[in-house]
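Read through the structure below, which is laid out as structure tokens, and then see the notes.
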Amino acid sequence: MDPRSAYVHIPFCHRRCFYCDFPVVPLGDRADGATSGSVAAYLRLLHQEIATSPGGPPLATVYLGGGTPSMLSSAQVAGILEVLARRFGLAPGAELSLELDPASFDEDRLAGYLAAGINRVSLGGQSFDDGVLADLGRRHRGADLREAAGWLHRARRRGALASWSLDLIQGLPRQNTANWDHQLGEAIALEPPHLSVYDLSIEPGTVFERRLARGDLALPPEDLAADLMDLTWARLTAAGYGHYEVSNYALPGHASRHNRVYWSGAGWWGFGVGATGAPRGRRRAHPRTRAGYAEWLAAQGEEPAGAEAGMPFDERLMVGLRCREGVNMDRLSRQEGLEESQLEGLRERLGAYERRGLLRVEGPRWRLADPQGLALSNGVLREMLAWWQELEREPLPAPAA
Ligand code: SF4
């Protein structure tokens with residue numbers, strides 16, 4: 001089944017936090033996506049990837065994560081949603097989420113995102129304690145977080161925002177039950193409809209890993225970490241939050257539909273540097289650098305995105321032909337061990353489409369003319385599928401050496 005969800009990665013941040021090993025590009029504290037050449041260049045590639053993806057049914061959930069997506073202007077966010085809408089369509093009532101960093105947006109920018117179609121926000125708070133935030137290398141402070149939460153509440157009251165979530169980290173250096181209890185109290189007082197509480201994990205290559213190695217990071221001992229987790233559960237469930245996933249709590253009706261997709265096995269598209277997708281049940285990680293991503297994307301022209309060797313022949317054929325670049329039939333039939341005469345048989349069968357200019361055979365590449373051929377693709381694809389089903393009933397020749 002084709003996925004109905006998409007994750008889009010925005011890899012830019014102002015700076016790299018000390019615990020973070022995500023594929024991010026720090027652009028400096030004053031950087032703004034609207035004026036950054038690096039951001040513009042990346043968005044061109046991202047649009048290209050989405051526009052040339054196999055496409056599929058309208059998306060029911062979209063998640064713009066990062067990185068710091070709130071470094072983008074509302075026009076840049078609208079541009080991403082538009083290209084998704086053109087390629088897939090957006091289902092009525094689709095959940096369209098955006099991650100926001102408290103110090104990288106204001107109320108006007110939020111209004112712009114909501115006008116662009118965003119209806120759910122995930123606020124990367126992590127802590128209310130200024131000392132802890134500084135220790136994490138975060139750019140925002142507790143006051144920024146409280147102010148941002150106020151804007152989100154106002155947007156909800158106006159009916160412009162369906163829901164929002166607050167992220168917190170537990171198990172931080174010098175955390176104990178008393179100060180964590182205080183943090184949870186602050187979070188509950190802000191009344192976020194959804195809360196994600198993640199455990200700090202020390203990742204290779206981070207500042208925190210180096211500090212831990214030199215004995216300069218006082219992490220809570222294991223039994224205290226378990227107590228902190230119990231305390232989280234007790235405080236949040238007492239405040240009316242349902243614990244619907246190990247790190248996620250929500251008031252009734254506010255569980256993230258996008259999160260559920262990750263866990264349900266329904267599959268999702270992943271777009272952008274470092275993004276992981278699992279279309280049709282196969283997990284695929286994108287290159288983690290912009291150069292690697294650009295190279296990988298250029299190679300997709302040779303073999304359309306999604307047309308993996310592991311995919312059944314008929315699926316590769318269908319996915320390839322639904323892309324503007326079409327499909328390299330020589331390579332595909334070689335991989336499948338088809339004989340030249342069998343391929344000629346298919347071409348003959350599709351002769352009417354070729355004579356009308358709807359199917360173009362350009363050397364080894366077969367593609368549907370754009371837009372008329374693509375508009376009629378169902379007829380061509382049905383014919384191809386029928387041909388393949390007939391062929392499958394016959395014993396196949398041995399694959400070429
Ligand atoms: S803002 Fe988030 S993605 Fe960016 S460096 Fe910090 S933790 Fe990583």
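Simple scheme: letters A, B, ... for chains in structure tokens order, numbers from 1 for residues in each chain, numbers from 1 for ligands in the order shown.
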
Worksheet item: Excluding same-chain residues fewer than 4 positions from stretch 234-241 of chain A, what lies within 7 Å of it counting only C-alpha atoms, as a count of residues only?
Response: 4

Discussion item. Need to verify the contact set: A:Thr289, 9 Å, only C-alpha atoms, exclusion of same-chain residues closer than 6 positions in sequence. Can you return it as number ranges by chain?
Written reply: A: 23-25, 273-274

Excluding same-chain residues fewer than 4 positions from A:Trp387, what lies within 9 Å of it counting only C-alpha atoms, as a short mmCIF file (atom, residue, chain, number, x, y, z; two decimals) with C-alpha atoms, in the first residue's frame?
data_model
loop_
_atom_site.label_atom_id
_atom_site.label_comp_id
_atom_site.auth_asym_id
_atom_site.auth_seq_id
_atom_site.Cartn_x
_atom_site.Cartn_y
_atom_site.Cartn_z
CA GLY A 345 6.30 -7.93 -27.66
CA LEU A 346 5.46 -5.33 -25.04
CA ARG A 349 1.33 -4.18 -27.65
CA ARG A 382 -3.04 -1.39 -17.14
CA GLU A 383 -1.88 -2.72 -20.49
CA LEU A 391 4.23 -13.39 -18.99
CA GLU A 392 4.36 -14.52 -15.38
#

Item to complete: Can you pull out every residue within 10 Å of A:Ala91, counting only C-alpha atoms, but drop anything in the same chain fewer than 5 positions away, and send it as a ChimeraX atom specification?
Response: /A:4,57-61,85

Item to complete: Fewer than 6 positions away in the same chain doesn't count, so skip those; otherwise give me all residues within 10 Å of A:Asn119, counting only C-alpha atoms, as an MDAnalysis selection string.
Response: chainID A and resid 93:98 113 155:156 159:164

Item to complete: Can you work out the spacing between atom CA of A:Glu99 and atom CA of A:Ser256 in Å, to one decimal?
Response: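 Between these atoms lies a distance of 12.9 Å.
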
Worksheet entry | Shell of 10 Å around ligand 1 (only C-alpha atoms and all ligand atoms), written as a PyMOL selection string | chain A and resi 10-26+65-69+99-102+104+124-126+136-140

Worksheet item: Can you tell me how far atom CA of A:Ser196 sits from atom CA of A:Asn248, in Å to one decimal?
Response: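 So the two atoms, atom CA of A:Ser196 and atom CA of A:Asn248, lie 4.5 Å apart.
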
Item to complete: Go through A:Leu350, A:Leu219, A:Val8, A:Leu332 one by one, measure the shortest atom-to-atom distance of each to A:Arg365 using only C-alpha atoms, and give the residue with the smallest value.
Response: A:Leu332

Practice prompt. List the neighbours of A:Leu43 out to 9 Å using only C-alpha atoms; skip same-chain residues closer than 5 positions along the sequence, and give me the result as a list in words.
Written response: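 Selected residues are Ile10, Ser38, Gln48, Gln76, Gly79, Ile80 and Gly272 of chain A.
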
Item to complete: Grab the atom CA of A:Arg284 to atom CA of A:Leu90 distance for me, in Å with one decimal place.
Response: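 Atom CA of A:Leu90 lies 22.8 Å from atom CA of A:Arg284.
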
Item to complete: Pick out each residue of stretch 97-171 of chain A that DSSP on the backbone tags as strand (DSSP E); I need them as a count of residues only.
Response: 19

Worksheet item: Given the choices A:Leu317, A:Glu147, A:Leu172, A:Glu203, which gets closest to A:Leu133 if the distance is worked out from only C-alpha atoms?
Response: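 Closest candidate: A:Leu172.
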
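Closest approach to A:Tyr63 among A:Ile50, A:Leu190, A:Ala6, A:Val83 is made by A:Ala6 (distances from only C-alpha atoms).
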
Taking 4 positions as the minimum chain separation for residues in the same chain, which residues sit within 12 Å of A:Glu49 when counting only C-alpha atoms? Answer as a tab-separated table (two decimals) with C-alpha atoms, in the first residue's frame.
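Writing the result to part.tsv gives the following:
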chain	number	residue	atom	x	y	z
A	8	VAL	CA	10.50	16.39	5.31
A	9	HIS	CA	13.90	17.21	6.84
A	42	TYR	CA	18.80	23.19	-0.44
A	43	LEU	CA	15.13	23.98	-0.98
A	44	ARG	CA	15.64	23.73	-4.75
A	45	LEU	CA	16.97	20.18	-4.30
A	53	SER	CA	9.22	11.15	-6.48
A	54	PRO	CA	6.88	8.36	-7.56
A	55	GLY	CA	3.91	10.21	-6.05
A	80	ILE	CA	7.23	22.90	0.46
A	83	VAL	CA	5.10	20.97	-4.02
A	84	LEU	CA	3.80	18.11	-1.82
A	87	ARG	CA	2.83	15.69	-6.31
A	269	TRP	CA	7.84	9.01	2.50
A	270	GLY	CA	11.06	10.64	3.66
A	271	PHE	CA	12.39	13.70	1.86
A	272	GLY	CA	15.59	15.70	2.34
A	273	VAL	CA	19.09	15.29	3.73
A	275	ALA	CA	15.62	11.79	6.18
A	286	HIS	CA	18.94	9.45	2.66
A	293	TYR	CA	22.21	14.32	-1.13
A	294	ALA	CA	22.79	16.38	-4.31
A	295	GLU	CA	24.79	13.52	-5.86
A	296	TRP	CA	22.20	10.94	-4.86
A	297	LEU	CA	19.44	13.09	-6.31
A	298	ALA	CA	21.31	13.54	-9.60
A	299	ALA	CA	21.62	9.75	-9.83
A	300	GLN	CA	17.84	9.41	-9.45
A	301	GLY	CA	17.57	10.65	-13.04
A	304	PRO	CA	13.78	7.08	-10.72
A	305	ALA	CA	13.37	7.65	-6.99
A	306	GLY	CA	11.73	4.68	-5.37
A	323	CYS	CA	7.87	9.68	-13.06
